[in-house]
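Below: structure00.pdb (PDB, C-alpha atoms and all ligand atoms)
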ATOM      1  CA  MET A   1       4.413 -23.253  10.002  1.00  0.00           C
ATOM      2  CA  MET A   2       2.921 -21.525  13.037  1.00  0.00           C
ATOM      3  CA  THR A   3      -0.476 -22.505  14.354  1.00  0.00           C
ATOM      4  CA  PRO A   4      -3.016 -19.664  14.681  1.00  0.00           C
ATOM      5  CA  VAL A   5      -2.461 -19.690  18.448  1.00  0.00           C
ATOM      6  CA  GLU A   6       1.309 -19.404  18.049  1.00  0.00           C
ATOM      7  CA  ARG A   7       0.878 -16.669  15.451  1.00  0.00           C
ATOM      8  CA  HIS A   8      -1.448 -14.712  17.740  1.00  0.00           C
ATOM      9  CA  ALA A   9       1.113 -14.852  20.575  1.00  0.00           C
ATOM     10  CA  ALA A  10       4.076 -14.011  18.330  1.00  0.00           C
ATOM     11  CA  ARG A  11       2.136 -11.110  16.830  1.00  0.00           C
ATOM     12  CA  ALA A  12       1.340  -9.720  20.292  1.00  0.00           C
ATOM     13  CA  ARG A  13       5.019  -9.886  21.255  1.00  0.00           C
ATOM     14  CA  ALA A  14       6.162  -8.197  18.026  1.00  0.00           C
ATOM     15  CA  VAL A  15       3.529  -5.457  18.398  1.00  0.00           C
ATOM     16  CA  ALA A  16       4.491  -4.791  22.028  1.00  0.00           C
ATOM     17  CA  GLU A  17       8.153  -4.549  21.099  1.00  0.00           C
ATOM     18  CA  ALA A  18       7.466  -2.143  18.200  1.00  0.00           C
ATOM     19  CA  VAL A  19       5.183   0.077  20.300  1.00  0.00           C
ATOM     20  CA  ASP A  20       7.833   0.152  23.045  1.00  0.00           C
ATOM     21  CA  ARG A  21      10.388   1.441  20.567  1.00  0.00           C
ATOM     22  CA  ILE A  22       7.952   4.042  19.225  1.00  0.00           C
ATOM     23  CA  ARG A  23       7.091   5.205  22.736  1.00  0.00           C
ATOM     24  CA  GLN A  24      10.803   5.612  23.445  1.00  0.00           C
ATOM     25  CA  ILE A  25      11.361   7.622  20.256  1.00  0.00           C
ATOM     26  CA  GLU A  26       8.569  10.049  21.107  1.00  0.00           C
ATOM     27  CA  THR A  27       9.709  10.383  24.734  1.00  0.00           C
ATOM     28  CA  ARG A  28      13.307  11.002  23.728  1.00  0.00           C
ATOM     29  CA  ASP A  29      12.878  13.085  20.575  1.00  0.00           C
ATOM     30  CA  GLY A  30       9.401  14.626  20.738  1.00  0.00           C
ATOM     31  CA  VAL A  31       7.023  14.957  17.786  1.00  0.00           C
ATOM     32  CA  HIS A  32       8.460  16.346  14.559  1.00  0.00           C
ATOM     33  CA  ARG A  33       9.013  15.053  11.051  1.00  0.00           C
ATOM     34  CA  ASP A  34      12.316  13.346  11.853  1.00  0.00           C
ATOM     35  CA  SER A  35      11.023  11.488  14.902  1.00  0.00           C
ATOM     36  CA  LEU A  36       7.887  10.454  12.997  1.00  0.00           C
ATOM     37  CA  ALA A  37      10.134   9.083  10.245  1.00  0.00           C
ATOM     38  CA  ALA A  38      11.954   6.996  12.862  1.00  0.00           C
ATOM     39  CA  MET A  39       8.615   5.712  14.236  1.00  0.00           C
ATOM     40  CA  LYS A  40       7.468   4.916  10.697  1.00  0.00           C
ATOM     41  CA  ALA A  41      10.617   2.848  10.153  1.00  0.00           C
ATOM     42  CA  VAL A  42       9.727   0.742  13.205  1.00  0.00           C
ATOM     43  CA  LEU A  43       6.247   0.084  11.791  1.00  0.00           C
ATOM     44  CA  ILE A  44       7.678  -0.808   8.369  1.00  0.00           C
ATOM     45  CA  GLU A  45       9.906  -3.336  10.112  1.00  0.00           C
ATOM     46  CA  LEU A  46       6.856  -4.755  11.903  1.00  0.00           C
ATOM     47  CA  ALA A  47       4.893  -4.952   8.647  1.00  0.00           C
ATOM     48  CA  GLY A  48       7.820  -6.834   7.149  1.00  0.00           C
ATOM     49  CA  ARG A  49       7.034  -9.755   9.438  1.00  0.00           C
ATOM     50  CA  THR A  50       4.465 -10.894   6.919  1.00  0.00           C
ATOM     51  CA  GLU A  51       4.109 -14.320   8.576  1.00  0.00           C
ATOM     52  CA  LEU A  52       2.462 -12.525  11.517  1.00  0.00           C
ATOM     53  CA  PHE A  53      -0.013 -10.464   9.500  1.00  0.00           C
ATOM     54  CA  PRO A  54      -1.764 -12.633   6.898  1.00  0.00           C
ATOM     55  CA  ILE A  55      -4.724 -10.674   5.580  1.00  0.00           C
ATOM     56  CA  GLU A  56      -7.022 -13.635   6.393  1.00  0.00           C
ATOM     57  CA  ASP A  57      -6.495 -12.972  10.105  1.00  0.00           C
ATOM     58  CA  PHE A  58      -8.246  -9.592   9.680  1.00  0.00           C
ATOM     59  CA  PRO A  59     -11.675 -10.253   8.214  1.00  0.00           C
ATOM     60  CA  PRO A  60     -13.525  -7.406   6.505  1.00  0.00           C
ATOM     61  CA  PRO A  61     -16.872  -6.274   7.915  1.00  0.00           C
ATOM     62  CA  GLY A  62     -19.819  -8.451   7.032  1.00  0.00           C
ATOM     63  CA  PRO A  63     -22.619  -7.244   4.740  1.00  0.00           C
ATOM     64  CA  GLU A  64     -24.666  -6.127   7.778  1.00  0.00           C
ATOM     65  CA  ILE A  65     -22.165  -3.313   8.450  1.00  0.00           C
ATOM     66  CA  ALA A  66     -22.546  -0.140   6.408  1.00  0.00           C
ATOM     67  CA  ARG A  67     -18.838   0.687   6.345  1.00  0.00           C
ATOM     68  CA  ASN A  68     -16.430  -1.121   4.076  1.00  0.00           C
ATOM     69  CA  ASN A  69     -13.492  -1.305   6.429  1.00  0.00           C
ATOM     70  CA  ALA A  70     -12.771  -2.918   9.785  1.00  0.00           C
ATOM     71  CA  LEU A  71     -10.397  -1.493  12.387  1.00  0.00           C
ATOM     72  CA  TYR A  72      -8.680  -3.938  14.736  1.00  0.00           C
ATOM     73  CA  ARG A  73      -6.925  -2.552  17.806  1.00  0.00           C
ATOM     74  CA  LEU A  74      -3.452  -4.066  18.084  1.00  0.00           C
ATOM     75  CA  SER A  75      -2.226  -1.870  20.937  1.00  0.00           C
ATOM     76  CA  GLU A  76      -3.281   1.097  23.046  1.00  0.00           C
ATOM     77  CA  ASP A  77      -1.809   2.441  26.282  1.00  0.00           C
ATOM     78  CA  ALA A  78      -3.963   2.688  29.422  1.00  0.00           C
ATOM     79  CA  ASP A  79      -4.083   6.474  28.936  1.00  0.00           C
ATOM     80  CA  HIS A  80      -5.195   5.907  25.290  1.00  0.00           C
ATOM     81  CA  ARG A  81      -1.891   7.045  23.832  1.00  0.00           C
ATOM     82  CA  PHE A  82       0.116   5.162  21.180  1.00  0.00           C
ATOM     83  CA  ALA A  83      -2.845   3.485  19.478  1.00  0.00           C
ATOM     84  CA  LEU A  84      -1.956   0.995  16.764  1.00  0.00           C
ATOM     85  CA  TYR A  85      -4.654  -0.484  14.542  1.00  0.00           C
ATOM     86  CA  ALA A  86      -4.772  -2.917  11.658  1.00  0.00           C
ATOM     87  CA  GLN A  87      -7.222  -1.587   9.096  1.00  0.00           C
ATOM     88  CA  ARG A  88      -8.778  -4.095   6.715  1.00  0.00           C
ATOM     89  CA  SER A  89     -10.503  -2.506   3.768  1.00  0.00           C
ATOM     90  CA  GLN A  90     -12.506  -4.072   0.994  1.00  0.00           C
ATOM     91  CA  GLY A  91     -11.908  -1.041  -1.219  1.00  0.00           C
ATOM     92  CA  GLY A  92     -14.355   1.532  -2.449  1.00  0.00           C
ATOM     93  CA  THR A  93     -12.855   4.143  -0.115  1.00  0.00           C
ATOM     94  CA  ASP A  94     -12.750   7.874  -0.853  1.00  0.00           C
ATOM     95  CA  THR A  95     -12.352  10.063   2.212  1.00  0.00           C
ATOM     96  CA  PRO A  96     -12.450  13.847   2.203  1.00  0.00           C
ATOM     97  CA  ALA A  97      -9.286  15.793   3.037  1.00  0.00           C
ATOM     98  CA  HIS A  98      -8.870  15.790   6.816  1.00  0.00           C
ATOM     99  CA  ASP A  99      -6.474  16.322   9.702  1.00  0.00           C
ATOM    100  CA  HIS A 100      -5.964  14.099  12.801  1.00  0.00           C
ATOM    101  CA  THR A 101      -5.232  16.486  15.726  1.00  0.00           C
ATOM    102  CA  THR A 102      -2.497  14.045  16.788  1.00  0.00           C
ATOM    103  CA  TRP A 103       0.391  12.501  14.894  1.00  0.00           C
ATOM    104  CA  ALA A 104      -0.536   9.700  12.514  1.00  0.00           C
ATOM    105  CA  ILE A 105       1.423   7.048  10.613  1.00  0.00           C
ATOM    106  CA  ILE A 106       0.137   4.672   7.931  1.00  0.00           C
ATOM    107  CA  VAL A 107       2.222   1.691   6.819  1.00  0.00           C
ATOM    108  CA  GLY A 108       1.188  -0.846   4.186  1.00  0.00           C
ATOM    109  CA  VAL A 109       0.977  -4.543   4.979  1.00  0.00           C
ATOM    110  CA  ASP A 110      -0.863  -5.911   1.941  1.00  0.00           C
ATOM    111  CA  GLY A 111      -2.428  -4.040  -0.989  1.00  0.00           C
ATOM    112  CA  ASP A 112      -2.175  -0.394  -2.008  1.00  0.00           C
ATOM    113  CA  GLU A 113      -3.823   2.718  -0.561  1.00  0.00           C
ATOM    114  CA  LEU A 114      -3.518   6.059  -2.358  1.00  0.00           C
ATOM    115  CA  ASN A 115      -2.911   9.090  -0.133  1.00  0.00           C
ATOM    116  CA  ARG A 116      -3.508  12.560  -1.549  1.00  0.00           C
ATOM    117  CA  LEU A 117      -1.770  15.377   0.303  1.00  0.00           C
ATOM    118  CA  TYR A 118      -3.034  18.930   0.767  1.00  0.00           C
ATOM    119  CA  VAL A 119      -2.208  22.258   2.351  1.00  0.00           C
ATOM    120  CA  HIS A 120      -4.637  24.852   3.635  1.00  0.00           C
ATOM    121  CA  GLU A 121      -5.235  27.618   1.144  1.00  0.00           C
ATOM    122  CA  ALA A 122      -7.779  30.452   1.049  1.00  0.00           C
ATOM    123  CA  GLY A 123     -10.067  28.752   3.549  1.00  0.00           C
ATOM    124  CA  GLY A 124      -9.995  25.531   1.533  1.00  0.00           C
ATOM    125  CA  VAL A 125      -7.362  23.047   0.455  1.00  0.00           C
ATOM    126  CA  ARG A 126      -4.861  22.757  -2.369  1.00  0.00           C
ATOM    127  CA  LYS A 127      -3.529  19.348  -3.387  1.00  0.00           C
ATOM    128  CA  THR A 128       0.249  19.207  -3.223  1.00  0.00           C
ATOM    129  CA  GLY A 129       0.955  15.605  -4.162  1.00  0.00           C
ATOM    130  CA  GLU A 130       0.083  11.985  -3.687  1.00  0.00           C
ATOM    131  CA  GLN A 131       1.736   8.834  -2.459  1.00  0.00           C
ATOM    132  CA  VAL A 132       0.776   5.189  -2.718  1.00  0.00           C
ATOM    133  CA  VAL A 133       1.222   3.343   0.561  1.00  0.00           C
ATOM    134  CA  GLY A 134       1.727  -0.373  -0.045  1.00  0.00           C
ATOM    135  CA  ARG A 135       3.686  -3.252   1.399  1.00  0.00           C
ATOM    136  CA  GLY A 136       6.896  -1.963   2.959  1.00  0.00           C
ATOM    137  CA  THR A 137       6.157   1.747   2.563  1.00  0.00           C
ATOM    138  CA  GLY A 138       4.520   4.324   4.799  1.00  0.00           C
ATOM    139  CA  ILE A 139       3.605   7.938   5.349  1.00  0.00           C
ATOM    140  CA  ALA A 140       3.588  10.086   8.483  1.00  0.00           C
ATOM    141  CA  PHE A 141       1.547  13.147   9.381  1.00  0.00           C
ATOM    142  CA  MET A 142       1.960  15.919  11.906  1.00  0.00           C
ATOM    143  CA  PRO A 143      -1.273  16.749  13.791  1.00  0.00           C
ATOM    144  CA  ASP A 144      -2.274  19.543  11.378  1.00  0.00           C
ATOM    145  CA  ASP A 145      -1.250  17.817   8.129  1.00  0.00           C
ATOM    146  CA  LEU A 146      -4.044  17.061   5.665  1.00  0.00           C
ATOM    147  CA  HIS A 147      -4.630  13.959   3.567  1.00  0.00           C
ATOM    148  CA  SER A 148      -7.342  11.907   1.921  1.00  0.00           C
ATOM    149  CA  ILE A 149      -7.422   8.156   1.304  1.00  0.00           C
ATOM    150  CA  HIS A 150      -8.518   6.384  -1.873  1.00  0.00           C
ATOM    151  CA  ILE A 151      -8.875   2.671  -2.615  1.00  0.00           C
ATOM    152  CA  PRO A 152     -10.653   1.390  -5.742  1.00  0.00           C
ATOM    153  CA  PRO A 153     -13.701  -0.852  -5.261  1.00  0.00           C
ATOM    154  CA  GLN A 154     -13.199  -4.589  -4.659  1.00  0.00           C
ATOM    155  CA  THR A 155      -9.591  -4.122  -3.572  1.00  0.00           C
ATOM    156  CA  PRO A 156      -8.562  -5.867  -0.347  1.00  0.00           C
ATOM    157  CA  VAL A 157      -6.068  -3.799   1.641  1.00  0.00           C
ATOM    158  CA  LEU A 158      -4.487  -4.361   5.051  1.00  0.00           C
ATOM    159  CA  ASN A 159      -2.418  -1.632   6.647  1.00  0.00           C
ATOM    160  CA  PHE A 160      -1.298  -0.242   9.988  1.00  0.00           C
ATOM    161  CA  HIS A 161      -2.731   3.041  11.222  1.00  0.00           C
ATOM    162  CA  MET A 162      -1.016   4.415  14.297  1.00  0.00           C
ATOM    163  CA  TYR A 163      -1.991   7.569  16.177  1.00  0.00           C
ATOM    164  CA  GLY A 164      -0.562   9.501  19.095  1.00  0.00           C
ATOM    165  CA  LEU A 165      -3.996   9.201  20.711  1.00  0.00           C
ATOM    166  CA  ALA A 166      -6.697   6.568  20.211  1.00  0.00           C
ATOM    167  CA  LEU A 167      -9.342   7.259  17.570  1.00  0.00           C
ATOM    168  CA  GLU A 168     -12.181   7.062  20.117  1.00  0.00           C
ATOM    169  CA  GLN A 169     -10.602  10.062  21.871  1.00  0.00           C
ATOM    170  CA  LEU A 170     -10.302  12.284  18.796  1.00  0.00           C
ATOM    171  CA  HIS A 171     -13.290  14.616  18.742  1.00  0.00           C
ATOM    172  CA  GLY A 172     -11.800  17.522  16.841  1.00  0.00           C
ATOM    173  CA  ARG A 173     -10.692  16.029  13.530  1.00  0.00           C
ATOM    174  CA  ARG A 174     -11.787  18.291  10.699  1.00  0.00           C
ATOM    175  CA  TYR A 175     -12.604  17.425   7.122  1.00  0.00           C
ATOM    176  CA  TYR A 176     -13.139  19.706   4.168  1.00  0.00           C
ATOM    177  CA  ARG A 177     -16.403  19.775   2.230  1.00  0.00           C
ATOM    178  CA  PRO A 178     -15.690  21.066  -1.287  1.00  0.00           C
ATOM    179  CA  ALA A 179     -19.374  21.380  -2.219  1.00  0.00           C
ATOM    180  CA  THR A 180     -20.071  23.879   0.537  1.00  0.00           C
ATOM    181  CA  HIS A 181     -16.472  25.101   0.826  1.00  0.00           C
ATOM    182  CA  ASP A 182     -16.394  24.633   4.587  1.00  0.00           C
ATOM    183  CA  TRP A 183     -15.036  22.366   7.319  1.00  0.00           C
ATOM    184  CA  ALA A 184     -16.895  19.865   9.472  1.00  0.00           C
ATOM    185  CA  HIS A 185     -15.869  17.585  12.330  1.00  0.00           C
ATOM    186  CA  PHE A 186     -15.587  13.818  12.134  1.00  0.00           C
ATOM    187  CA  PRO A 187     -17.279  12.138  15.077  1.00  0.00           C
ATOM    188  CA  ALA A 188     -14.836  10.153  17.206  1.00  0.00           C
ATOM    189  CA  SER A 189     -14.532   6.658  15.754  1.00  0.00           C
ATOM    190  CA  GLU A 190     -16.428   3.752  17.205  1.00  0.00           C
ATOM    191  CA  GLY A 191     -16.837   0.123  16.315  1.00  0.00           C
ATOM    192  CA  ILE A 192     -13.120  -0.588  16.722  1.00  0.00           C
ATOM    193  CA  ARG A 193     -12.623  -4.238  17.613  1.00  0.00           C
ATOM    194  CA  ASP A 194      -9.998  -6.159  19.471  1.00  0.00           C
ATOM    195  CA  LEU A 195      -8.501  -8.984  17.513  1.00  0.00           C
ATOM    196  CA  PRO A 196     -10.146 -12.145  18.855  1.00  0.00           C
ATOM    197  CA  ALA A 197      -7.805 -14.773  20.225  1.00  0.00           C
ATOM    198  CA  PRO A 198      -7.994 -17.932  18.123  1.00  0.00           C
ATOM    199  CA  ALA A 199      -9.476 -20.996  19.745  1.00  0.00           C
ATOM    200  CA  ALA A 200      -6.827 -23.367  21.077  1.00  0.00           C
ATOM    201  CA  ARG A 201      -8.156 -26.080  18.766  1.00  0.00           C
ATOM    202  CA  SER A 202      -9.117 -24.275  15.614  1.00  0.00           C
ATOM    203  CA  GLY A 203      -9.294 -27.370  13.444  1.00  0.00           C
ATOM    204  CA  ALA A 204      -6.125 -26.383  11.618  1.00  0.00           C
TER     205      ALA A 204
HETATM  206 FE    FE B 301      -6.498  10.089   8.083  1.00  0.00          FE
END

What's the structure tokens form of this structure?
Ligand SMILES: [Fe+2]
Amino acid sequence: MMTPVERHAARARAVAEAVDRIRQIETRDGVHRDSLAAMKAVLIELAGRTELFPIEDFPPPGPEIARNNALYRLSEDADHRFALYAQRSQGGTDTPAHDHTTWAIIVGVDGDELNRLYVHEAGGVRKTGEQVVGRGTGIAFMPDDLHSIHIPPQTPVLNFHMYGLALEQLHGRRYYRPATHDWAHFPASEGIRDLPAPAARSGA
């Protein structure tokens, strides 16, 4: 049984190793569906180290925060590329269809997240399918691909979200508004936290 301090250190090493491999895949192969599938496989392998990612290590936002999910930064290069986050959701999520303007990969760690997939059609979107992302599975998106995310209320979910560029740098992500049949921009994300290092004596 690892202590929280040992787990924190082992997790950092495993994350660094996985991001290294993903960086190498992109550098060598570029960005297309096959290379994203190879990157996704690396993240699925990382998620498989369940002893390093207990959901309790990623607390949901407290009641004072309006949003129902918390994003923890696990890795990000100095130039903001290759950003890996752990997203902890409490459920009750329904996003509009949106793109990312960079490549994006979601891999399940604990709990299920429903992804609906769309293509552009006649100025709007047409749903083409859906896929549940849960433990040991994932989904990858090219920069222009569209999806929406759905989690029922009161459903704890932990998953990895990785992007070619950090979420704080993404100012052009578009989402579709069915009511007005038009597109709007997401503001760049904020409120992303670093995972706090556990105290050396945590009482465990
Ligand atoms: Fe997304």

Shell of 9 Å around ligand FE 301 (chain B) (all atoms listed in the file), written as a compact mmCIF listing (two decimals) with C-alpha atoms, in the coordinates of the input:
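In the end it all went to out_20.txt:
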# COMPACT_ATOMS: atom_id res chain seq x y z
CA THR A 95 -12.35 10.06 2.21
CA ALA A 97 -9.29 15.79 3.04
CA HIS A 98 -8.87 15.79 6.82
CA ASP A 99 -6.47 16.32 9.70
CA HIS A 100 -5.96 14.10 12.80
CA ALA A 104 -0.54 9.70 12.51
CA ILE A 105 1.42 7.05 10.61
CA ILE A 106 0.14 4.67 7.93
CA PHE A 141 1.55 13.15 9.38
CA LEU A 146 -4.04 17.06 5.66
CA HIS A 147 -4.63 13.96 3.57
CA SER A 148 -7.34 11.91 1.92
CA ILE A 149 -7.42 8.16 1.30
CA HIS A 161 -2.73 3.04 11.22

### Task
Calculate how many Å separate CA of Glu45 (chain A) from CA of Gly136 (chain A), rounding to one decimal.
7.9 Å

### Message
Applying 8 Å and only C-alpha atoms, which residues near Asp112 (chain A) remain after dropping the ones on its own chain fewer than 6 positions away? List them as a PyMOL selection string.
### Response
chain A and resi 132-135+151+157

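Using all atoms listed in the file, the residues found no farther than 6 Å from Val107 (chain A), other than those of its own chain fewer than 4 positions away, are Thr137, Gly138, Asn159 and Phe160 of chain A.
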
Write to file, as an mmCIF file, in the coordinates of the input, the residues of the selection just made, with C-alpha atoms.
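Resulting contents of part16.cif:
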data_model
loop_
_atom_site.group_PDB
_atom_site.id
_atom_site.type_symbol
_atom_site.label_atom_id
_atom_site.label_comp_id
_atom_site.auth_asym_id
_atom_site.auth_seq_id
_atom_site.Cartn_x
_atom_site.Cartn_y
_atom_site.Cartn_z
ATOM 1 C CA THR A 137 6.157 1.747 2.563
ATOM 2 C CA GLY A 138 4.520 4.324 4.799
ATOM 3 C CA ASN A 159 -2.418 -1.632 6.647
ATOM 4 C CA PHE A 160 -1.298 -0.242 9.988
#

### Message
List the spatial neighbours of region 174-187 of chain A as a list in words - criterion: any atom at most 12 Å away, all atoms listed in the file, same-chain residues fewer than 3 positions off excluded.
### Response
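Near neighbours after the sequence-gap exclusion: Thr95, Pro96, Ala97, His98, Asp99, His100, Thr101, Thr102, Tyr118, Val119, His120, Glu121, Ala122, Gly123, Gly124, Val125, Arg126, Pro143, Asp144, Asp145, Leu146, His147, Ser148, Leu167, Glu168, Gln169, Leu170, His171 and Glu190 of chain A.
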
### Task
Using the chain letters and numbers from the file, give me the residues hit by the PyMOL selection byres (((chain A and resi 68) around 9) and not hetatm), as a ChimeraX atom specification.
/A:60-63,65-67,69-70,88-93

To test the calculation: enclose all listed atoms of region 94-100 of chain A in a box whose edges run along x, y and z, add 5 Å on each side, then state centre and edge lengths in Å to one decimal, as AutoDock Vina command-line options.
--center_x -9.4 --center_y 12.1 --center_z 6.0 --size_x 16.8 --size_y 18.4 --size_z 23.7

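Between Thr27 (chain A) and the residues A:Gly191, A:Pro196, A:Gly172, A:Gly164, the shortest atom-to-atom distance, using all atoms listed in the file, involves A:Gly164.
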
### Query
In file coordinates, which residues lie within 12 Å of (-5.1, -3.7, 23.3) using all atoms listed in the file, given as number ranges by chain?
A: 12, 15-16, 19, 72-86, 166, 192-197

#### Entry: Shell of 8 Å around Pro198 (chain A), all atoms listed in the file, local chain residues under 6 positions omitted, as number ranges by chain
A: 4-5, 8

### Task
Go through A:Leu52, A:Gln154, A:Arg11, A:Arg173 and flag the residue nearest Ala188 (chain A), using only C-alpha atoms for the distances.
A:Arg173

### Message
Please report the interatomic distance between CA of Gly129 (chain A) and CA of Leu43 (chain A) in Å with one decimal.
### Response
22.9 Å

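Across the structure, CA of Gly111 (chain A) and CA of Pro156 (chain A) are spaced 6.4 Å apart.
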
### Residue nearest Ala10 (chain A) among A:Val109, A:Leu165, A:Leu46, A:Leu117 (counting all atoms listed in the file)
A:Leu46

### Task
Measuring atom to atom with all atoms listed in the file, identify which of A:Ala140, A:Glu6, A:Leu158, A:Glu113 is nearest to Asp34 (chain A).
A:Ala140

### Task
Pick out the residues sitting within 9 Å of His32 (chain A), and hand them over as a list in words; count all atoms listed in the file, and ignore anything fewer than 4 positions along from it in its own chain.
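So the residues in contact are Leu36, Ala37, Trp103 and Met142 of chain A.
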
### Query
In terms of the shortest atom-to-atom distance over all atoms listed in the file, which of A:Ala14, A:Met1, A:Ile139, A:Ala199 is closest to Ala38 (chain A)?
A:Ile139

### Query
A:Lys127, A:Gln87, A:Asp94, A:Met162: which is nearest Ile55 (chain A), counting only C-alpha atoms?
A:Gln87

Reconstruct all heavy atoms of region 155-162 of chain A from the incomplete input and present them as a PDB file, in the coordinates of the input.
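Writing done, so here's result21.pdb:
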ATOM      1  N   THR A 155     -11.044  -4.024  -3.711  1.00  0.00           N
ATOM      2  CA  THR A 155      -9.591  -4.122  -3.572  1.00  0.00           C
ATOM      3  C   THR A 155      -9.257  -4.379  -2.110  1.00  0.00           C
ATOM      4  O   THR A 155      -9.311  -3.462  -1.297  1.00  0.00           O
ATOM      5  CB  THR A 155      -8.908  -2.809  -4.022  1.00  0.00           C
ATOM      6  OG1 THR A 155      -9.407  -2.456  -5.317  1.00  0.00           O
ATOM      7  CG2 THR A 155      -7.413  -2.965  -4.077  1.00  0.00           C
ATOM      8  N   PRO A 156      -8.907  -5.604  -1.743  1.00  0.00           N
ATOM      9  CA  PRO A 156      -8.562  -5.867  -0.347  1.00  0.00           C
ATOM     10  C   PRO A 156      -7.251  -5.182   0.034  1.00  0.00           C
ATOM     11  O   PRO A 156      -6.256  -5.285  -0.696  1.00  0.00           O
ATOM     12  CB  PRO A 156      -8.408  -7.394  -0.284  1.00  0.00           C
ATOM     13  CG  PRO A 156      -8.879  -7.917  -1.597  1.00  0.00           C
ATOM     14  CD  PRO A 156      -8.826  -6.798  -2.574  1.00  0.00           C
ATOM     15  N   VAL A 157      -7.266  -4.481   1.148  1.00  0.00           N
ATOM     16  CA  VAL A 157      -6.068  -3.799   1.641  1.00  0.00           C
ATOM     17  C   VAL A 157      -5.974  -4.029   3.147  1.00  0.00           C
ATOM     18  O   VAL A 157      -6.980  -3.969   3.856  1.00  0.00           O
ATOM     19  CB  VAL A 157      -6.133  -2.276   1.356  1.00  0.00           C
ATOM     20  CG1 VAL A 157      -4.958  -1.555   2.022  1.00  0.00           C
ATOM     21  CG2 VAL A 157      -6.125  -2.001  -0.141  1.00  0.00           C
ATOM     22  N   LEU A 158      -4.756  -4.311   3.617  1.00  0.00           N
ATOM     23  CA  LEU A 158      -4.487  -4.361   5.051  1.00  0.00           C
ATOM     24  C   LEU A 158      -3.334  -3.416   5.332  1.00  0.00           C
ATOM     25  O   LEU A 158      -2.295  -3.487   4.662  1.00  0.00           O
ATOM     26  CB  LEU A 158      -4.112  -5.784   5.486  1.00  0.00           C
ATOM     27  CG  LEU A 158      -3.811  -5.964   6.982  1.00  0.00           C
ATOM     28  CD1 LEU A 158      -5.080  -5.791   7.811  1.00  0.00           C
ATOM     29  CD2 LEU A 158      -3.190  -7.340   7.251  1.00  0.00           C
ATOM     30  N   ASN A 159      -3.528  -2.500   6.282  1.00  0.00           N
ATOM     31  CA  ASN A 159      -2.418  -1.632   6.647  1.00  0.00           C
ATOM     32  C   ASN A 159      -2.487  -1.273   8.119  1.00  0.00           C
ATOM     33  O   ASN A 159      -3.471  -1.537   8.801  1.00  0.00           O
ATOM     34  CB  ASN A 159      -2.330  -0.387   5.743  1.00  0.00           C
ATOM     35  CG  ASN A 159      -3.633   0.368   5.646  1.00  0.00           C
ATOM     36  OD1 ASN A 159      -4.453   0.311   6.549  1.00  0.00           O
ATOM     37  ND2 ASN A 159      -3.839   1.073   4.551  1.00  0.00           N
ATOM     38  N   PHE A 160      -1.350  -0.732   8.608  1.00  0.00           N
ATOM     39  CA  PHE A 160      -1.298  -0.242   9.988  1.00  0.00           C
ATOM     40  C   PHE A 160      -1.655   1.233   9.992  1.00  0.00           C
ATOM     41  O   PHE A 160      -1.170   2.009   9.151  1.00  0.00           O
ATOM     42  CB  PHE A 160       0.120  -0.364  10.562  1.00  0.00           C
ATOM     43  CG  PHE A 160       0.618  -1.758  10.759  1.00  0.00           C
ATOM     44  CD1 PHE A 160       1.972  -2.040  10.612  1.00  0.00           C
ATOM     45  CD2 PHE A 160      -0.241  -2.792  11.103  1.00  0.00           C
ATOM     46  CE1 PHE A 160       2.462  -3.324  10.798  1.00  0.00           C
ATOM     47  CE2 PHE A 160       0.230  -4.080  11.297  1.00  0.00           C
ATOM     48  CZ  PHE A 160       1.587  -4.343  11.140  1.00  0.00           C
ATOM     49  N   HIS A 161      -2.493   1.631  10.943  1.00  0.00           N
ATOM     50  CA  HIS A 161      -2.731   3.041  11.222  1.00  0.00           C
ATOM     51  C   HIS A 161      -2.340   3.248  12.679  1.00  0.00           C
ATOM     52  O   HIS A 161      -2.884   2.588  13.559  1.00  0.00           O
ATOM     53  CB  HIS A 161      -4.209   3.405  11.043  1.00  0.00           C
ATOM     54  CG  HIS A 161      -4.622   3.548   9.609  1.00  0.00           C
ATOM     55  ND1 HIS A 161      -5.297   4.649   9.137  1.00  0.00           N
ATOM     56  CD2 HIS A 161      -4.439   2.736   8.541  1.00  0.00           C
ATOM     57  CE1 HIS A 161      -5.528   4.501   7.835  1.00  0.00           C
ATOM     58  NE2 HIS A 161      -5.032   3.345   7.446  1.00  0.00           N
ATOM     59  N   MET A 162      -1.399   4.136  12.915  1.00  0.00           N
ATOM     60  CA  MET A 162      -1.016   4.415  14.297  1.00  0.00           C
ATOM     61  C   MET A 162      -1.190   5.890  14.596  1.00  0.00           C
ATOM     62  O   MET A 162      -0.877   6.745  13.755  1.00  0.00           O
ATOM     63  CB  MET A 162       0.425   3.990  14.571  1.00  0.00           C
ATOM     64  CG  MET A 162       0.779   4.125  16.052  1.00  0.00           C
ATOM     65  SD  MET A 162       2.236   3.195  16.525  1.00  0.00           S
ATOM     66  CE  MET A 162       2.115   3.338  18.316  1.00  0.00           C
TER      67      MET A 162
END
